[in-house]
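S.K.: Structure file run34.pdb, PDB, C-alpha atoms, pLDDT in the B column, is pasted below:
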MODEL        1
ATOM      1  CA  MET P   1     -13.576   0.756  16.497  1.00 46.00           C
ATOM      2  CA  ALA P   2     -16.425  -0.056  14.147  1.00 45.00           C
ATOM      3  CA  MET P   3     -19.776   0.177  15.892  1.00 47.00           C
ATOM      4  CA  ALA P   4     -21.780  -3.010  16.450  1.00 50.00           C
ATOM      5  CA  GLU P   5     -24.419  -2.191  13.852  1.00 70.00           C
ATOM      6  CA  GLU P   6     -21.829  -1.492  11.173  1.00 89.00           C
ATOM      7  CA  GLU P   7     -20.904  -4.072   8.556  1.00 96.00           C
ATOM      8  CA  VAL P   8     -17.486  -3.796   6.958  1.00 98.00           C
ATOM      9  CA  LEU P   9     -16.520  -6.237   4.194  1.00 98.00           C
ATOM     10  CA  LEU P  10     -13.263  -6.397   2.286  1.00 98.00           C
ATOM     11  CA  PHE P  11     -13.101  -8.240  -1.028  1.00 98.00           C
ATOM     12  CA  SER P  12      -9.492  -8.994  -1.902  1.00 98.00           C
ATOM     13  CA  THR P  13      -6.915 -11.725  -2.576  1.00 97.00           C
ATOM     14  CA  TRP P  14      -4.051 -12.723  -0.305  1.00 92.00           C
ATOM     15  CA  PRO P  15      -1.224 -11.678  -2.685  1.00 91.00           C
ATOM     16  CA  SER P  16      -2.778  -8.302  -3.546  1.00 95.00           C
ATOM     17  CA  ILE P  17      -0.513  -5.315  -2.886  1.00 95.00           C
ATOM     18  CA  TYR P  18      -3.528  -3.037  -2.982  1.00 97.00           C
ATOM     19  CA  GLY P  19      -5.724  -5.170  -0.771  1.00 97.00           C
ATOM     20  CA  ARG P  20      -2.952  -5.346   1.795  1.00 95.00           C
ATOM     21  CA  ARG P  21      -3.018  -1.559   2.029  1.00 96.00           C
ATOM     22  CA  VAL P  22      -6.658  -1.608   3.017  1.00 98.00           C
ATOM     23  CA  GLU P  23      -6.066  -4.321   5.599  1.00 96.00           C
ATOM     24  CA  MET P  24      -3.257  -2.277   7.128  1.00 95.00           C
ATOM     25  CA  ALA P  25      -5.488   0.788   7.507  1.00 97.00           C
ATOM     26  CA  LEU P  26      -8.349  -1.216   8.991  1.00 97.00           C
ATOM     27  CA  LYS P  27      -6.023  -2.852  11.515  1.00 95.00           C
ATOM     28  CA  LEU P  28      -4.364   0.435  12.445  1.00 94.00           C
ATOM     29  CA  LYS P  29      -7.756   1.899  13.264  1.00 96.00           C
ATOM     30  CA  GLY P  30      -8.980  -1.230  15.024  1.00 95.00           C
ATOM     31  CA  ILE P  31     -11.941  -1.671  12.683  1.00 96.00           C
ATOM     32  CA  GLU P  32     -13.608  -5.068  12.725  1.00 96.00           C
ATOM     33  CA  TYR P  33     -14.224  -6.383   9.236  1.00 97.00           C
ATOM     34  CA  LYS P  34     -14.971  -9.537   7.330  1.00 97.00           C
ATOM     35  CA  TYR P  35     -12.398 -10.585   4.759  1.00 98.00           C
ATOM     36  CA  ILE P  36     -13.683 -12.249   1.597  1.00 98.00           C
ATOM     37  CA  GLU P  37     -11.076 -14.019  -0.529  1.00 98.00           C
ATOM     38  CA  GLU P  38     -11.765 -13.645  -4.241  1.00 98.00           C
ATOM     39  CA  ASP P  39     -10.792 -16.045  -7.007  1.00 97.00           C
ATOM     40  CA  LEU P  40      -9.864 -13.665  -9.806  1.00 95.00           C
ATOM     41  CA  THR P  41     -10.202 -16.445 -12.379  1.00 95.00           C
ATOM     42  CA  ASN P  42     -13.809 -16.910 -11.292  1.00 97.00           C
ATOM     43  CA  LYS P  43     -14.995 -13.612  -9.852  1.00 97.00           C
ATOM     44  CA  SER P  44     -17.928 -13.773  -7.485  1.00 97.00           C
ATOM     45  CA  PRO P  45     -21.304 -12.195  -8.297  1.00 98.00           C
ATOM     46  CA  SER P  46     -20.791  -9.972  -5.239  1.00 97.00           C
ATOM     47  CA  LEU P  47     -17.523  -8.532  -6.559  1.00 98.00           C
ATOM     48  CA  LEU P  48     -19.083  -7.878  -9.969  1.00 97.00           C
ATOM     49  CA  LYS P  49     -22.041  -6.254  -8.246  1.00 97.00           C
ATOM     50  CA  TYR P  50     -19.955  -3.991  -6.018  1.00 98.00           C
ATOM     51  CA  ASN P  51     -17.350  -3.038  -8.633  1.00 98.00           C
ATOM     52  CA  PRO P  52     -19.097  -3.323 -12.022  1.00 97.00           C
ATOM     53  CA  VAL P  53     -16.820  -0.735 -13.663  1.00 97.00           C
ATOM     54  CA  HIS P  54     -13.366  -2.269 -13.128  1.00 96.00           C
ATOM     55  CA  LYS P  55     -14.369  -5.687 -11.751  1.00 97.00           C
ATOM     56  CA  LYS P  56     -11.216  -5.620  -9.628  1.00 97.00           C
ATOM     57  CA  ILE P  57     -10.195  -5.953  -6.008  1.00 98.00           C
ATOM     58  CA  PRO P  58      -9.918  -4.513  -3.456  1.00 98.00           C
ATOM     59  CA  VAL P  59     -13.447  -3.392  -2.712  1.00 98.00           C
ATOM     60  CA  LEU P  60     -14.524  -2.166   0.706  1.00 98.00           C
ATOM     61  CA  VAL P  61     -18.236  -2.459   1.437  1.00 98.00           C
ATOM     62  CA  HIS P  62     -19.439  -0.386   4.382  1.00 98.00           C
ATOM     63  CA  ASN P  63     -23.056  -0.930   5.359  1.00 97.00           C
ATOM     64  CA  GLY P  64     -23.856  -2.066   1.832  1.00 97.00           C
ATOM     65  CA  LYS P  65     -22.066   0.832   0.112  1.00 98.00           C
ATOM     66  CA  PRO P  66     -19.011  -0.146  -1.984  1.00 98.00           C
ATOM     67  CA  VAL P  67     -15.798   1.825  -2.347  1.00 98.00           C
ATOM     68  CA  ALA P  68     -13.181   0.770  -4.920  1.00 98.00           C
ATOM     69  CA  GLU P  69      -9.524   1.623  -5.655  1.00 97.00           C
ATOM     70  CA  SER P  70      -7.080   1.246  -2.779  1.00 98.00           C
ATOM     71  CA  LEU P  71      -6.013   4.878  -2.341  1.00 98.00           C
ATOM     72  CA  VAL P  72      -9.635   6.030  -2.514  1.00 98.00           C
ATOM     73  CA  ILE P  73     -10.555   3.391   0.064  1.00 98.00           C
ATOM     74  CA  LEU P  74      -7.781   4.592   2.391  1.00 98.00           C
ATOM     75  CA  GLU P  75      -9.129   8.134   2.302  1.00 98.00           C
ATOM     76  CA  TYR P  76     -12.665   6.882   2.865  1.00 98.00           C
ATOM     77  CA  ILE P  77     -11.538   4.883   5.895  1.00 98.00           C
ATOM     78  CA  ASP P  78      -9.745   7.908   7.316  1.00 98.00           C
ATOM     79  CA  GLU P  79     -12.737  10.198   6.838  1.00 97.00           C
ATOM     80  CA  THR P  80     -15.183   7.657   8.279  1.00 97.00           C
ATOM     81  CA  TRP P  81     -13.233   6.494  11.331  1.00 97.00           C
ATOM     82  CA  LYS P  82     -11.488   9.449  12.940  1.00 95.00           C
ATOM     83  CA  ASN P  83      -9.215   7.619  15.381  1.00 94.00           C
ATOM     84  CA  HIS P  84      -5.580   7.225  14.386  1.00 93.00           C
ATOM     85  CA  PRO P  85      -5.698   9.657  11.421  1.00 96.00           C
ATOM     86  CA  ILE P  86      -3.564   8.560   8.477  1.00 96.00           C
ATOM     87  CA  LEU P  87      -3.827  11.760   6.428  1.00 97.00           C
ATOM     88  CA  PRO P  88      -2.244  15.020   7.628  1.00 95.00           C
ATOM     89  CA  LYS P  89      -4.530  17.849   8.723  1.00 94.00           C
ATOM     90  CA  HIS P  90      -2.847  20.586   6.705  1.00 95.00           C
ATOM     91  CA  PRO P  91      -4.108  20.843   3.082  1.00 97.00           C
ATOM     92  CA  TYR P  92      -0.590  21.167   1.637  1.00 96.00           C
ATOM     93  CA  GLU P  93       0.657  18.124   3.513  1.00 95.00           C
ATOM     94  CA  ARG P  94      -2.416  16.166   2.411  1.00 96.00           C
ATOM     95  CA  ALA P  95      -1.769  17.130  -1.216  1.00 97.00           C
ATOM     96  CA  ASN P  96       1.890  16.160  -0.827  1.00 97.00           C
ATOM     97  CA  THR P  97       0.887  12.763   0.558  1.00 97.00           C
ATOM     98  CA  ARG P  98      -1.407  12.146  -2.411  1.00 97.00           C
ATOM     99  CA  PHE P  99       1.374  13.170  -4.814  1.00 98.00           C
ATOM    100  CA  TRP P 100       3.881  10.686  -3.391  1.00 98.00           C
ATOM    101  CA  ALA P 101       1.314   7.883  -3.150  1.00 98.00           C
ATOM    102  CA  LYS P 102       0.625   8.357  -6.860  1.00 98.00           C
ATOM    103  CA  PHE P 103       4.371   8.477  -7.508  1.00 98.00           C
ATOM    104  CA  ILE P 104       4.745   5.060  -5.869  1.00 97.00           C
ATOM    105  CA  ASP P 105       1.932   3.519  -7.925  1.00 97.00           C
ATOM    106  CA  GLU P 106       2.784   5.094 -11.269  1.00 97.00           C
ATOM    107  CA  LYS P 107       6.590   5.233 -11.120  1.00 98.00           C
ATOM    108  CA  CYS P 108       8.024   2.906  -8.489  1.00 97.00           C
ATOM    109  CA  LEU P 109       5.819  -0.153  -8.941  1.00 97.00           C
ATOM    110  CA  PRO P 110       6.341  -0.449 -12.719  1.00 97.00           C
ATOM    111  CA  ALA P 111      10.114  -0.082 -12.202  1.00 97.00           C
ATOM    112  CA  ILE P 112      10.067  -2.774  -9.495  1.00 96.00           C
ATOM    113  CA  LEU P 113       8.198  -5.212 -11.722  1.00 96.00           C
ATOM    114  CA  LYS P 114      10.553  -4.631 -14.649  1.00 96.00           C
ATOM    115  CA  ALA P 115      13.641  -4.897 -12.436  1.00 96.00           C
ATOM    116  CA  CYS P 116      12.431  -8.274 -11.212  1.00 96.00           C
ATOM    117  CA  TRP P 117      10.712  -9.707 -14.277  1.00 95.00           C
ATOM    118  CA  GLY P 118      11.906  -7.744 -17.281  1.00 94.00           C
ATOM    119  CA  GLU P 119      12.084  -9.595 -20.585  1.00 92.00           C
ATOM    120  CA  ASP P 120      15.876  -9.783 -20.547  1.00 94.00           C
ATOM    121  CA  GLN P 121      18.888  -8.874 -18.422  1.00 94.00           C
ATOM    122  CA  LYS P 122      19.342  -5.523 -20.142  1.00 96.00           C
ATOM    123  CA  GLU P 123      15.771  -4.440 -19.398  1.00 96.00           C
ATOM    124  CA  ARG P 124      16.090  -5.588 -15.780  1.00 95.00           C
ATOM    125  CA  GLU P 125      19.336  -3.676 -15.305  1.00 95.00           C
ATOM    126  CA  LYS P 126      17.891  -0.512 -16.838  1.00 97.00           C
ATOM    127  CA  ALA P 127      14.809  -0.764 -14.617  1.00 97.00           C
ATOM    128  CA  ALA P 128      16.999  -1.319 -11.539  1.00 96.00           C
ATOM    129  CA  GLU P 129      18.901   1.879 -12.337  1.00 97.00           C
ATOM    130  CA  GLU P 130      15.649   3.784 -12.762  1.00 97.00           C
ATOM    131  CA  LEU P 131      14.296   2.366  -9.518  1.00 97.00           C
ATOM    132  CA  SER P 132      17.434   3.471  -7.681  1.00 97.00           C
ATOM    133  CA  LYS P 133      16.797   7.059  -8.805  1.00 98.00           C
ATOM    134  CA  LEU P 134      13.155   6.840  -7.751  1.00 98.00           C
ATOM    135  CA  LEU P 135      13.990   5.416  -4.340  1.00 98.00           C
ATOM    136  CA  GLN P 136      16.376   8.311  -3.754  1.00 98.00           C
ATOM    137  CA  PHE P 137      13.412  10.697  -3.921  1.00 98.00           C
ATOM    138  CA  LEU P 138      11.694   8.704  -1.176  1.00 97.00           C
ATOM    139  CA  GLU P 139      14.931   8.530   0.822  1.00 97.00           C
ATOM    140  CA  ASN P 140      14.998  12.326   0.799  1.00 97.00           C
ATOM    141  CA  GLU P 141      11.364  12.508   1.897  1.00 96.00           C
ATOM    142  CA  LEU P 142      12.233  10.581   5.063  1.00 96.00           C
ATOM    143  CA  LYS P 143      14.872  13.056   6.209  1.00 95.00           C
ATOM    144  CA  GLY P 144      14.377  13.763   9.913  1.00 93.00           C
ATOM    145  CA  LYS P 145      11.325  11.488  10.140  1.00 93.00           C
ATOM    146  CA  ARG P 146      10.631   8.011  11.492  1.00 93.00           C
ATOM    147  CA  PHE P 147       7.790   7.410   9.044  1.00 95.00           C
ATOM    148  CA  PHE P 148       6.627   9.337   5.998  1.00 94.00           C
ATOM    149  CA  GLY P 149       3.722  10.389   8.197  1.00 85.00           C
ATOM    150  CA  GLY P 150       6.021  11.641  10.961  1.00 90.00           C
ATOM    151  CA  GLU P 151       6.130   9.717  14.212  1.00 90.00           C
ATOM    152  CA  THR P 152       3.188   7.474  13.328  1.00 91.00           C
ATOM    153  CA  ILE P 153       2.289   5.458  10.259  1.00 94.00           C
ATOM    154  CA  GLY P 154       0.170   7.367   7.762  1.00 95.00           C
ATOM    155  CA  LEU P 155      -1.370   6.899   4.335  1.00 97.00           C
ATOM    156  CA  LEU P 156       1.918   7.301   2.495  1.00 97.00           C
ATOM    157  CA  ASP P 157       3.585   4.651   4.649  1.00 96.00           C
ATOM    158  CA  ILE P 158       0.717   2.310   3.855  1.00 96.00           C
ATOM    159  CA  ALA P 159       0.953   3.060   0.120  1.00 96.00           C
ATOM    160  CA  ALA P 160       4.723   2.586   0.258  1.00 95.00           C
ATOM    161  CA  ASN P 161       4.233  -0.927   1.616  1.00 92.00           C
ATOM    162  CA  THR P 162       4.767  -1.778  -2.054  1.00 91.00           C
ATOM    163  CA  ILE P 163       8.418  -1.085  -1.260  1.00 93.00           C
ATOM    164  CA  GLY P 164       8.503  -1.792   2.461  1.00 89.00           C
ATOM    165  CA  TYR P 165       7.243  -5.355   2.211  1.00 88.00           C
ATOM    166  CA  TRP P 166       6.567  -6.456  -1.345  1.00 92.00           C
ATOM    167  CA  LEU P 167       9.891  -5.410  -2.888  1.00 93.00           C
ATOM    168  CA  GLY P 168      11.677  -8.012  -0.764  1.00 91.00           C
ATOM    169  CA  VAL P 169       9.093 -10.640  -1.661  1.00 91.00           C
ATOM    170  CA  PHE P 170       9.488  -9.893  -5.364  1.00 94.00           C
ATOM    171  CA  GLU P 171      13.301  -9.946  -5.161  1.00 93.00           C
ATOM    172  CA  GLU P 172      13.245 -13.381  -3.565  1.00 92.00           C
ATOM    173  CA  ALA P 173      10.666 -14.750  -5.987  1.00 92.00           C
ATOM    174  CA  ALA P 174      12.545 -13.439  -9.030  1.00 94.00           C
ATOM    175  CA  GLY P 175      15.977 -14.362  -7.699  1.00 93.00           C
ATOM    176  CA  VAL P 176      17.424 -10.881  -8.259  1.00 91.00           C
ATOM    177  CA  SER P 177      19.962  -9.049  -6.119  1.00 90.00           C
ATOM    178  CA  GLU P 178      18.802  -6.741  -3.352  1.00 92.00           C
ATOM    179  CA  LEU P 179      17.545  -3.445  -4.782  1.00 95.00           C
ATOM    180  CA  LEU P 180      17.147  -1.578  -1.501  1.00 94.00           C
ATOM    181  CA  THR P 181      20.246  -1.749   0.695  1.00 94.00           C
ATOM    182  CA  ARG P 182      21.223  -0.058   3.956  1.00 94.00           C
ATOM    183  CA  GLU P 183      24.340   1.367   2.279  1.00 96.00           C
ATOM    184  CA  LYS P 184      22.460   3.146  -0.512  1.00 96.00           C
ATOM    185  CA  PHE P 185      19.244   4.013   1.301  1.00 97.00           C
ATOM    186  CA  PRO P 186      19.806   4.073   5.084  1.00 97.00           C
ATOM    187  CA  ARG P 187      16.592   5.961   5.905  1.00 97.00           C
ATOM    188  CA  LEU P 188      14.420   3.765   3.699  1.00 96.00           C
ATOM    189  CA  PHE P 189      16.100   0.653   5.069  1.00 95.00           C
ATOM    190  CA  ASN P 190      15.344   1.684   8.662  1.00 94.00           C
ATOM    191  CA  TRP P 191      11.808   2.649   7.653  1.00 95.00           C
ATOM    192  CA  VAL P 192      11.251  -0.836   6.216  1.00 93.00           C
ATOM    193  CA  ASN P 193      12.267  -2.401   9.532  1.00 90.00           C
ATOM    194  CA  GLU P 194       9.997  -0.041  11.477  1.00 88.00           C
ATOM    195  CA  CYS P 195       7.016  -0.798   9.245  1.00 84.00           C
ATOM    196  CA  CYS P 196       7.524  -4.559   9.333  1.00 76.00           C
ATOM    197  CA  THR P 197       7.281  -4.594  13.137  1.00 74.00           C
ATOM    198  CA  CYS P 198       4.069  -2.558  13.138  1.00 71.00           C
ATOM    199  CA  LYS P 199       0.954  -4.273  14.506  1.00 60.00           C
ATOM    200  CA  CYS P 200      -0.878  -3.676  11.214  1.00 65.00           C
ATOM    201  CA  HIS P 201       1.401  -6.302   9.633  1.00 57.00           C
ATOM    202  CA  GLN P 202       0.423  -8.860  12.219  1.00 49.00           C
ATOM    203  CA  GLY P 203      -2.640 -11.047  12.666  1.00 46.00           C
ATOM    204  CA  LYS P 204      -5.383 -11.746  10.163  1.00 47.00           C
ATOM    205  CA  SER P 205      -8.862 -10.466   9.513  1.00 48.00           C
ATOM    206  CA  THR P 206     -12.016 -12.263  10.530  1.00 45.00           C
ATOM    207  CA  SER P 207     -13.430 -14.518   7.847  1.00 42.00           C
TER
ENDMDL
END
Take the structure in the file and write it out as structure tokens.

M.R.:
Amino acid sequence: MAMAEEEVLLFSTWPSIYGRRVEMALKLKGIEYKYIEEDLTNKSPSLLKYNPVHKKIPVLVHNGKPVAESLVILEYIDETWKNHPILPKHPYERANTRFWAKFIDEKCLPAILKACWGEDQKEREKAAEELSKLLQFLENELKGKRFFGGETIGLLDIAANTIGYWLGVFEEAAGVSELLTREKFPRLFNWVNECCTCKCHQGKSTS
């Protein structure tokens, strides 16, 4: 739990994939924080002050010190609050987690967006095929495990919320057929159900 004298602020927006990651980690660790909703069409002076380089959300501010970029924030949270660790202890496993988190951001997310909102049907179909290949890598990573982090949710599970939660949202919004099915990806499908019932998906931050 965050100590009484600590101030934890999160600048984000409700539909932000990346901001949601930070909220999940904070909730998993039971850290009290104040959520500040940003209007990205009219960014607040505070956001511009705390993230002058990229001027983007999410930004975590801990006792006046800002941390930007969702994956960086997740590591900061894990190193600052030791309960419920989300990164493995072993250096190789930590490196492997970082590799797959980057894989999700740089490979899977672009394929998801194109599969849902590509310029034409051909581009969407090609992206869906590519995404299927990418998801197979993640399916293999789950072999013999409940979560990517083992028996408990870890950083990679939080990063993969892009797939676990948002893929379904995007499919529905775009009106495309289901891209992740139980038949093709049984481990990933079960993982999605496990993650969606986790307490870090429930409730809302203080405001």

S.K.: Looking at P:Val61, P:Glu106, P:Val192, P:Ala115, which one is nearest to P:Glu130, with distances taken over all atoms listed in the file?

M.R.: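 Smallest distance to P:Glu130 is found for P:Ala115.
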
S.K.: Could you tell me which residues the PyMOL selection byres ((chain P and resi 59) around 12) returns for this structure, as a VMD selection string?

M.R.: chain P and resid 8 to 13 16 18 to 23 34 to 38 46 to 58 60 to 62 64 to 74 76

S.K.: Selected residues, C-alpha atoms, written as a PDB file, in the frame of the given file, please.

M.R.:
ATOM      1  CA  VAL P   8     -17.486  -3.796   6.958  1.00 98.00           C
ATOM      2  CA  LEU P   9     -16.520  -6.237   4.194  1.00 98.00           C
ATOM      3  CA  LEU P  10     -13.263  -6.397   2.286  1.00 98.00           C
ATOM      4  CA  PHE P  11     -13.101  -8.240  -1.028  1.00 98.00           C
ATOM      5  CA  SER P  12      -9.492  -8.994  -1.902  1.00 98.00           C
ATOM      6  CA  THR P  13      -6.915 -11.725  -2.576  1.00 97.00           C
ATOM      7  CA  SER P  16      -2.778  -8.302  -3.546  1.00 95.00           C
ATOM      8  CA  TYR P  18      -3.528  -3.037  -2.982  1.00 97.00           C
ATOM      9  CA  GLY P  19      -5.724  -5.170  -0.771  1.00 97.00           C
ATOM     10  CA  ARG P  20      -2.952  -5.346   1.795  1.00 95.00           C
ATOM     11  CA  ARG P  21      -3.018  -1.559   2.029  1.00 96.00           C
ATOM     12  CA  VAL P  22      -6.658  -1.608   3.017  1.00 98.00           C
ATOM     13  CA  GLU P  23      -6.066  -4.321   5.599  1.00 96.00           C
ATOM     14  CA  LYS P  34     -14.971  -9.537   7.330  1.00 97.00           C
ATOM     15  CA  TYR P  35     -12.398 -10.585   4.759  1.00 98.00           C
ATOM     16  CA  ILE P  36     -13.683 -12.249   1.597  1.00 98.00           C
ATOM     17  CA  GLU P  37     -11.076 -14.019  -0.529  1.00 98.00           C
ATOM     18  CA  GLU P  38     -11.765 -13.645  -4.241  1.00 98.00           C
ATOM     19  CA  SER P  46     -20.791  -9.972  -5.239  1.00 97.00           C
ATOM     20  CA  LEU P  47     -17.523  -8.532  -6.559  1.00 98.00           C
ATOM     21  CA  LEU P  48     -19.083  -7.878  -9.969  1.00 97.00           C
ATOM     22  CA  LYS P  49     -22.041  -6.254  -8.246  1.00 97.00           C
ATOM     23  CA  TYR P  50     -19.955  -3.991  -6.018  1.00 98.00           C
ATOM     24  CA  ASN P  51     -17.350  -3.038  -8.633  1.00 98.00           C
ATOM     25  CA  PRO P  52     -19.097  -3.323 -12.022  1.00 97.00           C
ATOM     26  CA  VAL P  53     -16.820  -0.735 -13.663  1.00 97.00           C
ATOM     27  CA  HIS P  54     -13.366  -2.269 -13.128  1.00 96.00           C
ATOM     28  CA  LYS P  55     -14.369  -5.687 -11.751  1.00 97.00           C
ATOM     29  CA  LYS P  56     -11.216  -5.620  -9.628  1.00 97.00           C
ATOM     30  CA  ILE P  57     -10.195  -5.953  -6.008  1.00 98.00           C
ATOM     31  CA  PRO P  58      -9.918  -4.513  -3.456  1.00 98.00           C
ATOM     32  CA  LEU P  60     -14.524  -2.166   0.706  1.00 98.00           C
ATOM     33  CA  VAL P  61     -18.236  -2.459   1.437  1.00 98.00           C
ATOM     34  CA  HIS P  62     -19.439  -0.386   4.382  1.00 98.00           C
ATOM     35  CA  GLY P  64     -23.856  -2.066   1.832  1.00 97.00           C
ATOM     36  CA  LYS P  65     -22.066   0.832   0.112  1.00 98.00           C
ATOM     37  CA  PRO P  66     -19.011  -0.146  -1.984  1.00 98.00           C
ATOM     38  CA  VAL P  67     -15.798   1.825  -2.347  1.00 98.00           C
ATOM     39  CA  ALA P  68     -13.181   0.770  -4.920  1.00 98.00           C
ATOM     40  CA  GLU P  69      -9.524   1.623  -5.655  1.00 97.00           C
ATOM     41  CA  SER P  70      -7.080   1.246  -2.779  1.00 98.00           C
ATOM     42  CA  LEU P  71      -6.013   4.878  -2.341  1.00 98.00           C
ATOM     43  CA  VAL P  72      -9.635   6.030  -2.514  1.00 98.00           C
ATOM     44  CA  ILE P  73     -10.555   3.391   0.064  1.00 98.00           C
ATOM     45  CA  LEU P  74      -7.781   4.592   2.391  1.00 98.00           C
ATOM     46  CA  TYR P  76     -12.665   6.882   2.865  1.00 98.00           C
TER      47      TYR P  76
END

S.K.: Find the residues near P:Glu141: any atom within 12 Å, counting only C-alpha atoms, skip ones fewer than 2 places away on the same chain, and give them as a list in words.

M.R.: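 Result of the neighbour search: Asn96, Thr97, Trp100, Leu134, Leu135, Gln136, Phe137, Leu138, Glu139, Lys143, Gly144, Lys145, Arg146, Phe147, Phe148, Gly149, Gly150, Leu156, Asp157, Phe185, Arg187, Leu188 and Trp191 of chain P.
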
S.K.: Just write the chosen residues, C-alpha atoms, as a CSV table (one decimal), in the coordinates of the input.

M.R.:
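Output saved as out07.csv:
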chain,number,residue,atom,x,y,z
P,96,ASN,CA,1.9,16.2,-0.8
P,97,THR,CA,0.9,12.8,0.6
P,100,TRP,CA,3.9,10.7,-3.4
P,134,LEU,CA,13.2,6.8,-7.8
P,135,LEU,CA,14.0,5.4,-4.3
P,136,GLN,CA,16.4,8.3,-3.8
P,137,PHE,CA,13.4,10.7,-3.9
P,138,LEU,CA,11.7,8.7,-1.2
P,139,GLU,CA,14.9,8.5,0.8
P,143,LYS,CA,14.9,13.1,6.2
P,144,GLY,CA,14.4,13.8,9.9
P,145,LYS,CA,11.3,11.5,10.1
P,146,ARG,CA,10.6,8.0,11.5
P,147,PHE,CA,7.8,7.4,9.0
P,148,PHE,CA,6.6,9.3,6.0
P,149,GLY,CA,3.7,10.4,8.2
P,150,GLY,CA,6.0,11.6,11.0
P,156,LEU,CA,1.9,7.3,2.5
P,157,ASP,CA,3.6,4.7,4.6
P,185,PHE,CA,19.2,4.0,1.3
P,187,ARG,CA,16.6,6.0,5.9
P,188,LEU,CA,14.4,3.8,3.7
P,191,TRP,CA,11.8,2.6,7.7

S.K.: Atom CA of P:Thr152 and atom CA of P:Leu179, how far apart in Å?

M.R.: 25.6 Å

S.K.: Quick one: distance from atom CA of P:Ala174 to atom CA of P:Ser132 in Å, one decimal?

M.R.: 17.7 Å

S.K.: Using only C-alpha atoms, pick whichever of P:Leu113, P:Ile17, P:Leu142, P:Ala128 has the shortest atom-to-atom distance to P:Thr162.

M.R.: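 Among P:Leu113, P:Ile17, P:Leu142, P:Ala128, it is P:Ile17 that comes nearest to P:Thr162.
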
S.K.: With 8 Å added on each side, what axis-aligned box encloses every listed atom of stretch 152-163 of chain P? Give the centre and edge lengths in Å to one decimal, as lines of an AutoDock Vina configuration file.

M.R.:
center_x = 3.5
center_y = 2.8
center_z = 5.6
size_x = 25.8
size_y = 25.3
size_z = 31.4

S.K.: If you measure from atom CA of P:Lys82 to atom CA of P:Ala95, what distance in Å do you get, rounded to one decimal?

M.R.: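 According to the coordinates, atom CA of P:Lys82 and atom CA of P:Ala95 are separated by 18.8 Å.
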
S.K.: I'd like to know which of P:Leu131, P:Glu7, P:Pro45, P:Lys114 is closest to P:Tyr33, using only C-alpha atoms.

M.R.: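 Of all the options, P:Glu7 lies closest to P:Tyr33.
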
S.K.: Can you give me, as a ChimeraX atom specification, the residues this file yields under the PyMOL selection byres ((chain P and resi 124) around 12)?

M.R.: /P:110-123,125-131,171,174-177,179
